Amino acid sequence: MNKTLILLLLFLTSLTVASQNFTSKEQWEIINKRIDSISIVNENYNKINNQAIEQLLLTRSNLDSLEKENLFYRVKEDYYSSALSEQSTRFALIISGILALVALISFTAFRYEIKQIKKFTLKRINSQNKKLDVYKTELSSTQMTLHLTQGNLNTSIGQYYQAKNDYVNAFHFYIVAAKSHGLSSKLQLSLKKIKETDENAYAFTITNLNDANLCLLEIVAPEAVGQLKQIEATIKKDIDFIYAFDNENIKNEISNIRVLLNQTVEFPTD
């Protein structure tokens, strides 16, 4: 607008000057052409100015639209980010709950299996222990019978040698018989086949020791004493074993045999 005023002022100035200096028709035509040219320039300027203003307004409108669209997408992005975060948290909680439930179920099942295995194992162990106790009882009974049989056999052999006046061998077999009968009586006590208070628990052992003592009294000949010395170590080992039985009568008999054995071996009589 300012440029238009300036152009008009210039035009009026030139017109005034021209009116003073030129009066011919050609000069007026030139002036009119200049005026037309200035009008055309002014119109073009206004047109360009209007187009620029319209373009500026359009650009401003597009910019506002872009800002609104950008704001919309930002809001949308924030919404979806928040929704995604909530979904992730919810999903994590669900997965954690499922895993915890699975772990609890697995632990419960595992614990149940352990209890069942433990119960089954204890049952088997108890069953095996009962069988083992039965086998031990049977073995002890067998050993008891074996010792009793050995004792009876050695007693019979001792009686045989005693009848033959072979008192050294008779003495030896009576001691061995006393040992076997003592082991048999000890097993009977452990199996509770006889009571500990029973005075006759070691009756066979005591009888064998009495017979051995009688045979030892008959060993006086040097030849018999010599035979006795040869088995002295074995005899002393057996009587030490017999002395360990928990019976006072046995201990008394063994004490008498020890004294008499030492006297016979160390101070033989012709």
# chains A, B, ... in the order shown; residues from 1 in each chain; ligands from 1

$ residues_around --residues "range 183-197 of chain A" --least-positions-apart "5" --cutoff "7 Å" --atoms "only C-alpha atoms" --output "PDB file with C-alpha atoms, in the first residue's frame"
ATOM      1  CA  SER A 140      20.281-118.434  66.769  1.00  0.00           C
ATOM      2  CA  MET A 144      21.771-123.245  69.831  1.00  0.00           C
ATOM      3  CA  HIS A 147      26.084-126.166  70.257  1.00  0.00           C
ATOM      4  CA  LEU A 148      23.781-128.436  72.226  1.00  0.00           C
ATOM      5  CA  TYR A 202      23.687-123.791  82.850  1.00  0.00           C
TER       6      TYR A 202
END

$ atom_distance --atom1 "CA of Cys215 in chain A" --atom2 "CA of Ala170 in chain A"
6.7 Å

$ residues_around --residues "range 241-246 of chain A" --least-positions-apart "2" --cutoff "10 Å" --atoms "only C-alpha atoms" --output "ChimeraX atom specification"
/A:175-176,178-183,185-186,196,202,205,209,235-239,248-255

$ decode --residues "range 192-226 of chain A" --atoms "C-alpha atoms" --output "PDB file, in the first residue's frame"
ATOM      1  CA  LYS A 192      14.082-116.281  76.153  1.00  0.00           C
ATOM      2  CA  LYS A 193      13.566-119.998  75.903  1.00  0.00           C
ATOM      3  CA  ILE A 194      14.660-120.172  79.525  1.00  0.00           C
ATOM      4  CA  LYS A 195      14.491-117.515  82.236  1.00  0.00           C
ATOM      5  CA  GLU A 196      17.573-115.755  83.552  1.00  0.00           C
ATOM      6  CA  THR A 197      16.469-116.560  87.089  1.00  0.00           C
ATOM      7  CA  ASP A 198      16.407-120.277  86.312  1.00  0.00           C
ATOM      8  CA  GLU A 199      19.145-121.922  88.398  1.00  0.00           C
ATOM      9  CA  ASN A 200      19.326-124.800  85.946  1.00  0.00           C
ATOM     10  CA  ALA A 201      20.069-122.546  82.947  1.00  0.00           C
ATOM     11  CA  TYR A 202      23.687-123.791  82.850  1.00  0.00           C
ATOM     12  CA  ALA A 203      23.019-127.210  84.363  1.00  0.00           C
ATOM     13  CA  PHE A 204      24.738-129.184  81.572  1.00  0.00           C
ATOM     14  CA  THR A 205      27.790-126.930  81.715  1.00  0.00           C
ATOM     15  CA  ILE A 206      28.136-127.364  85.469  1.00  0.00           C
ATOM     16  CA  THR A 207      27.728-131.149  85.150  1.00  0.00           C
ATOM     17  CA  ASN A 208      30.485-131.262  82.513  1.00  0.00           C
ATOM     18  CA  LEU A 209      32.778-129.204  84.754  1.00  0.00           C
ATOM     19  CA  ASN A 210      32.139-131.536  87.697  1.00  0.00           C
ATOM     20  CA  ASP A 211      33.013-134.550  85.541  1.00  0.00           C
ATOM     21  CA  ALA A 212      36.125-132.757  84.251  1.00  0.00           C
ATOM     22  CA  ASN A 213      37.184-132.027  87.824  1.00  0.00           C
ATOM     23  CA  LEU A 214      36.795-135.704  88.770  1.00  0.00           C
ATOM     24  CA  CYS A 215      38.890-136.772  85.777  1.00  0.00           C
ATOM     25  CA  LEU A 216      41.575-134.197  86.641  1.00  0.00           C
ATOM     26  CA  LEU A 217      41.874-135.709  90.119  1.00  0.00           C
ATOM     27  CA  GLU A 218      42.688-139.074  88.512  1.00  0.00           C
ATOM     28  CA  ILE A 219      45.591-137.682  86.458  1.00  0.00           C
ATOM     29  CA  VAL A 220      48.587-138.572  88.606  1.00  0.00           C
ATOM     30  CA  ALA A 221      50.776-140.817  86.440  1.00  0.00           C
ATOM     31  CA  PRO A 222      53.790-139.043  84.899  1.00  0.00           C
ATOM     32  CA  GLU A 223      52.800-140.172  81.429  1.00  0.00           C
ATOM     33  CA  ALA A 224      49.282-138.762  81.880  1.00  0.00           C
ATOM     34  CA  VAL A 225      50.696-135.526  83.320  1.00  0.00           C
ATOM     35  CA  GLY A 226      52.937-135.245  80.267  1.00  0.00           C
TER      36      GLY A 226
END
